[in-house]
file target-v1.cif (mmCIF, C-alpha atoms)
data_my_file
#
loop_
_atom_site.group_PDB
_atom_site.id
_atom_site.type_symbol
_atom_site.label_atom_id
_atom_site.label_comp_id
_atom_site.auth_asym_id
_atom_site.auth_seq_id
_atom_site.Cartn_x
_atom_site.Cartn_y
_atom_site.Cartn_z
ATOM 1 C CA MET A 1 5.212 17.431 -26.984
ATOM 2 C CA LEU A 2 5.551 14.308 -24.849
ATOM 3 C CA ILE A 3 5.093 14.037 -21.105
ATOM 4 C CA SER A 4 5.200 11.154 -18.682
ATOM 5 C CA ALA A 5 2.046 10.156 -16.822
ATOM 6 C CA ILE A 6 4.137 10.734 -13.700
ATOM 7 C CA GLU A 7 4.369 14.425 -14.596
ATOM 8 C CA VAL A 8 0.575 14.635 -14.616
ATOM 9 C CA TYR A 9 0.646 13.362 -11.035
ATOM 10 C CA GLU A 10 3.350 15.816 -9.980
ATOM 11 C CA VAL A 11 1.732 18.877 -11.597
ATOM 12 C CA TYR A 12 -1.708 18.073 -10.177
ATOM 13 C CA LYS A 13 -0.361 17.402 -6.684
ATOM 14 C CA VAL A 14 1.774 20.537 -6.411
ATOM 15 C CA ILE A 15 -0.813 22.911 -7.873
ATOM 16 C CA ARG A 16 -3.626 21.452 -5.766
ATOM 17 C CA ARG A 17 -1.474 21.705 -2.631
ATOM 18 C CA ASP A 18 -0.197 25.214 -3.335
ATOM 19 C CA LEU A 19 -3.164 26.834 -5.108
ATOM 20 C CA SER A 20 -6.455 24.986 -5.488
ATOM 21 C CA GLU A 21 -8.128 21.915 -6.909
ATOM 22 C CA GLU A 22 -9.713 24.034 -9.631
ATOM 23 C CA ARG A 23 -6.322 25.330 -10.814
ATOM 24 C CA ALA A 24 -4.886 21.804 -10.651
ATOM 25 C CA VAL A 25 -7.663 20.466 -12.880
ATOM 26 C CA GLU A 26 -7.057 23.324 -15.331
ATOM 27 C CA ALA A 27 -3.345 22.493 -15.444
ATOM 28 C CA VAL A 28 -4.047 18.822 -16.130
ATOM 29 C CA SER A 29 -6.420 19.832 -18.920
ATOM 30 C CA ALA A 30 -3.599 21.843 -20.503
ATOM 31 C CA LEU A 31 -1.251 18.853 -20.201
ATOM 32 C CA ARG A 32 -3.695 16.748 -22.207
ATOM 33 C CA ARG A 33 -2.665 18.685 -25.321
ATOM 34 C CA ALA A 34 0.585 16.709 -25.178
ATOM 35 C CA THR A 35 1.059 13.006 -25.748
ATOM 36 C CA ILE A 36 0.973 11.385 -22.320
ATOM 37 C CA ALA A 37 3.269 8.365 -22.140
ATOM 38 C CA PRO A 38 1.969 5.649 -19.811
ATOM 39 C CA VAL A 39 4.097 3.719 -17.355
ATOM 40 C CA ASP A 40 4.377 0.061 -18.297
ATOM 41 C CA GLU A 41 6.624 -2.803 -17.235
ATOM 42 C CA SER A 42 9.460 -2.078 -19.654
ATOM 43 C CA LEU A 43 9.507 1.589 -18.653
ATOM 44 C CA ALA A 44 9.459 0.670 -14.956
ATOM 45 C CA LEU A 45 12.464 -1.609 -15.421
ATOM 46 C CA GLU A 46 14.370 1.010 -17.408
ATOM 47 C CA ALA A 47 13.553 3.599 -14.734
ATOM 48 C CA ALA A 48 14.935 1.281 -12.047
ATOM 49 C CA ASP A 49 18.182 0.974 -14.015
ATOM 50 C CA VAL A 50 18.289 4.767 -14.436
ATOM 51 C CA SER A 51 17.740 5.238 -10.707
ATOM 52 C CA LEU A 52 20.595 2.896 -9.856
ATOM 53 C CA ALA A 53 22.951 4.423 -12.423
ATOM 54 C CA HIS A 54 22.243 8.086 -11.675
ATOM 55 C CA GLY A 55 20.866 8.137 -8.134
ATOM 56 C CA LEU A 56 17.546 9.625 -9.165
ATOM 57 C CA ALA A 57 14.341 9.320 -7.153
ATOM 58 C CA MET A 58 11.589 7.087 -8.526
ATOM 59 C CA ALA A 59 9.504 9.844 -10.152
ATOM 60 C CA ASP A 60 12.553 11.493 -11.723
ATOM 61 C CA SER A 61 13.767 8.125 -12.983
ATOM 62 C CA LEU A 62 10.404 7.443 -14.631
ATOM 63 C CA VAL A 63 10.379 10.866 -16.287
ATOM 64 C CA TYR A 64 13.942 10.463 -17.581
ATOM 65 C CA ALA A 65 13.343 6.882 -18.739
ATOM 66 C CA THR A 66 10.223 8.044 -20.612
ATOM 67 C CA ALA A 67 12.282 10.603 -22.535
ATOM 68 C CA ARG A 68 14.971 8.035 -23.296
ATOM 69 C CA GLN A 69 12.478 5.388 -24.414
ATOM 70 C CA HIS A 70 10.922 7.861 -26.859
ATOM 71 C CA ARG A 71 14.307 9.248 -27.975
ATOM 72 C CA ALA A 72 13.284 12.703 -26.789
ATOM 73 C CA LYS A 73 15.203 15.420 -25.022
ATOM 74 C CA LEU A 74 14.088 16.110 -21.471
ATOM 75 C CA VAL A 75 13.606 19.822 -20.847
ATOM 76 C CA THR A 76 13.227 20.647 -17.174
ATOM 77 C CA ALA A 77 13.962 23.183 -14.457
ATOM 78 C CA ASP A 78 14.849 20.365 -12.038
ATOM 79 C CA ALA A 79 18.559 20.507 -11.175
ATOM 80 C CA ASP A 80 18.510 16.772 -10.348
ATOM 81 C CA PHE A 81 18.850 16.141 -14.092
ATOM 82 C CA GLU A 82 21.948 18.316 -14.453
ATOM 83 C CA GLY A 83 24.659 16.578 -16.494
ATOM 84 C CA LEU A 84 22.514 13.699 -17.756
ATOM 85 C CA PRO A 85 22.669 12.945 -21.486
ATOM 86 C CA GLU A 86 19.739 14.378 -23.446
ATOM 87 C CA ALA A 87 18.564 16.437 -20.451
ATOM 88 C CA ILE A 88 18.375 20.206 -20.785
ATOM 89 C CA VAL A 89 18.069 22.031 -17.485
ATOM 90 C CA VAL A 90 16.679 25.546 -17.849
ATOM 91 C CA ARG A 91 16.745 28.232 -15.214
#
call {"tool": "encode", "arguments": {"input": "target-v1.cif", "output": "structure tokens"}}
result
Amino acid sequence: MLISAIEVYEVYKVIRRDLSEERAVEAVSALRRATIAPVDESLALEAADVSLAHGLAMADSLVYATARQHRAKLVTADADFEGLPEAIVVR
């Protein structure tokens, strides 16, 4: 499993805000079982292109660009990815 470093940020932030810091740290520990893809210059530039082409917010663009760069399918519950190639939106 592959995740973007941006997803670590998002999971930690939401769980800490909605539940507790302890639960957020536990969630991040679980994420570490996956390969965490860092954000570098080439990914940032690809994400900017993705944002312009598809109207995605910065974080979503980075997540989508990470999947594309690694030739992976993006599986998400976020409807913002609906209709994008290689994105599977689950409900």
call {"tool": "atom_distance", "arguments": {"input": "target-v1.cif", "atom1": "CA of Thr35 (chain A)", "atom2": "CA of Ala87 (chain A)"}}
result
18.6 Å
call {"tool": "resolve_selection", "arguments": {"input": "target-v1.cif", "expression": "the PyMOL selection byres ((chain A and resi 8-10) around 9)", "output": "list in words"}}
result
Ile3, Ser4, Ala5, Ile6, Glu7, Val11, Tyr12, Lys13, Val14, Ile15, Ala27, Val28, Leu31, Arg32, Ile36 and Ala59 of chain A
call {"tool": "closest_residue", "arguments": {"input": "target-v1.cif", "among": "A:Ala77, A:Ala65, A:Ala72, A:Ala47", "to": "Arg91 (chain A)", "atoms": "only C-alpha atoms"}}
result
A:Ala77
call {"tool": "resolve_selection", "arguments": {"input": "target-v1.cif", "expression": "the PyMOL selection byres ((chain A and resi 68) around 12)", "output": "compact mmCIF listing (two decimals) with C-alpha atoms, keeping the file's coordinate frame"}}
result
# COMPACT_ATOMS: atom_id res chain seq x y z
CA LEU A 2 5.55 14.31 -24.85
CA ILE A 3 5.09 14.04 -21.10
CA SER A 4 5.20 11.15 -18.68
CA ALA A 37 3.27 8.36 -22.14
CA LEU A 43 9.51 1.59 -18.65
CA GLU A 46 14.37 1.01 -17.41
CA ALA A 47 13.55 3.60 -14.73
CA VAL A 50 18.29 4.77 -14.44
CA SER A 61 13.77 8.12 -12.98
CA LEU A 62 10.40 7.44 -14.63
CA VAL A 63 10.38 10.87 -16.29
CA TYR A 64 13.94 10.46 -17.58
CA ALA A 65 13.34 6.88 -18.74
CA THR A 66 10.22 8.04 -20.61
CA ALA A 67 12.28 10.60 -22.54
CA GLN A 69 12.48 5.39 -24.41
CA HIS A 70 10.92 7.86 -26.86
CA ARG A 71 14.31 9.25 -27.98
CA ALA A 72 13.28 12.70 -26.79
CA LYS A 73 15.20 15.42 -25.02
CA LEU A 74 14.09 16.11 -21.47
CA LEU A 84 22.51 13.70 -17.76
CA PRO A 85 22.67 12.94 -21.49
CA GLU A 86 19.74 14.38 -23.45
CA ALA A 87 18.56 16.44 -20.45
call {"tool": "atom_distance", "arguments": {"input": "target-v1.cif", "atom1": "CA of Ala57 (chain A)", "atom2": "CA of Arg16 (chain A)"}}
result
21.7 Å
call {"tool": "axis_aligned_box", "arguments": {"input": "target-v1.cif", "around": "region 37-56 of chain A", "padding_each_side": "4 Å", "output": "lines of an AutoDock Vina configuration file"}}
result
center_x = 12.5
center_y = 3.4
center_z = -15.1
size_x = 29.0
size_y = 20.4
size_z = 22.0
call {"tool": "closest_residue", "arguments": {"input": "target-v1.cif", "among": "A:Asp60, A:Val39, A:His54, A:Glu22", "to": "Gly83 (chain A)", "atoms": "all atoms listed in the file"}}
result
A:His54
call {"tool": "atom_distance", "arguments": {"input": "target-v1.cif", "atom1": "CA of Val75 (chain A)", "atom2": "CA of Ile88 (chain A)"}}
result
4.8 Å
call {"tool": "closest_residue", "arguments": {"input": "target-v1.cif", "among": "A:Asp80, A:Ala34, A:Met1, A:Ser42", "to": "Gly55 (chain A)", "atoms": "only C-alpha atoms"}}
result
A:Asp80
call {"tool": "closest_residue", "arguments": {"input": "target-v1.cif", "among": "A:Leu45, A:Leu56, A:Leu19, A:Ala24", "to": "Ala79 (chain A)", "atoms": "all atoms listed in the file"}}
result
A:Leu56
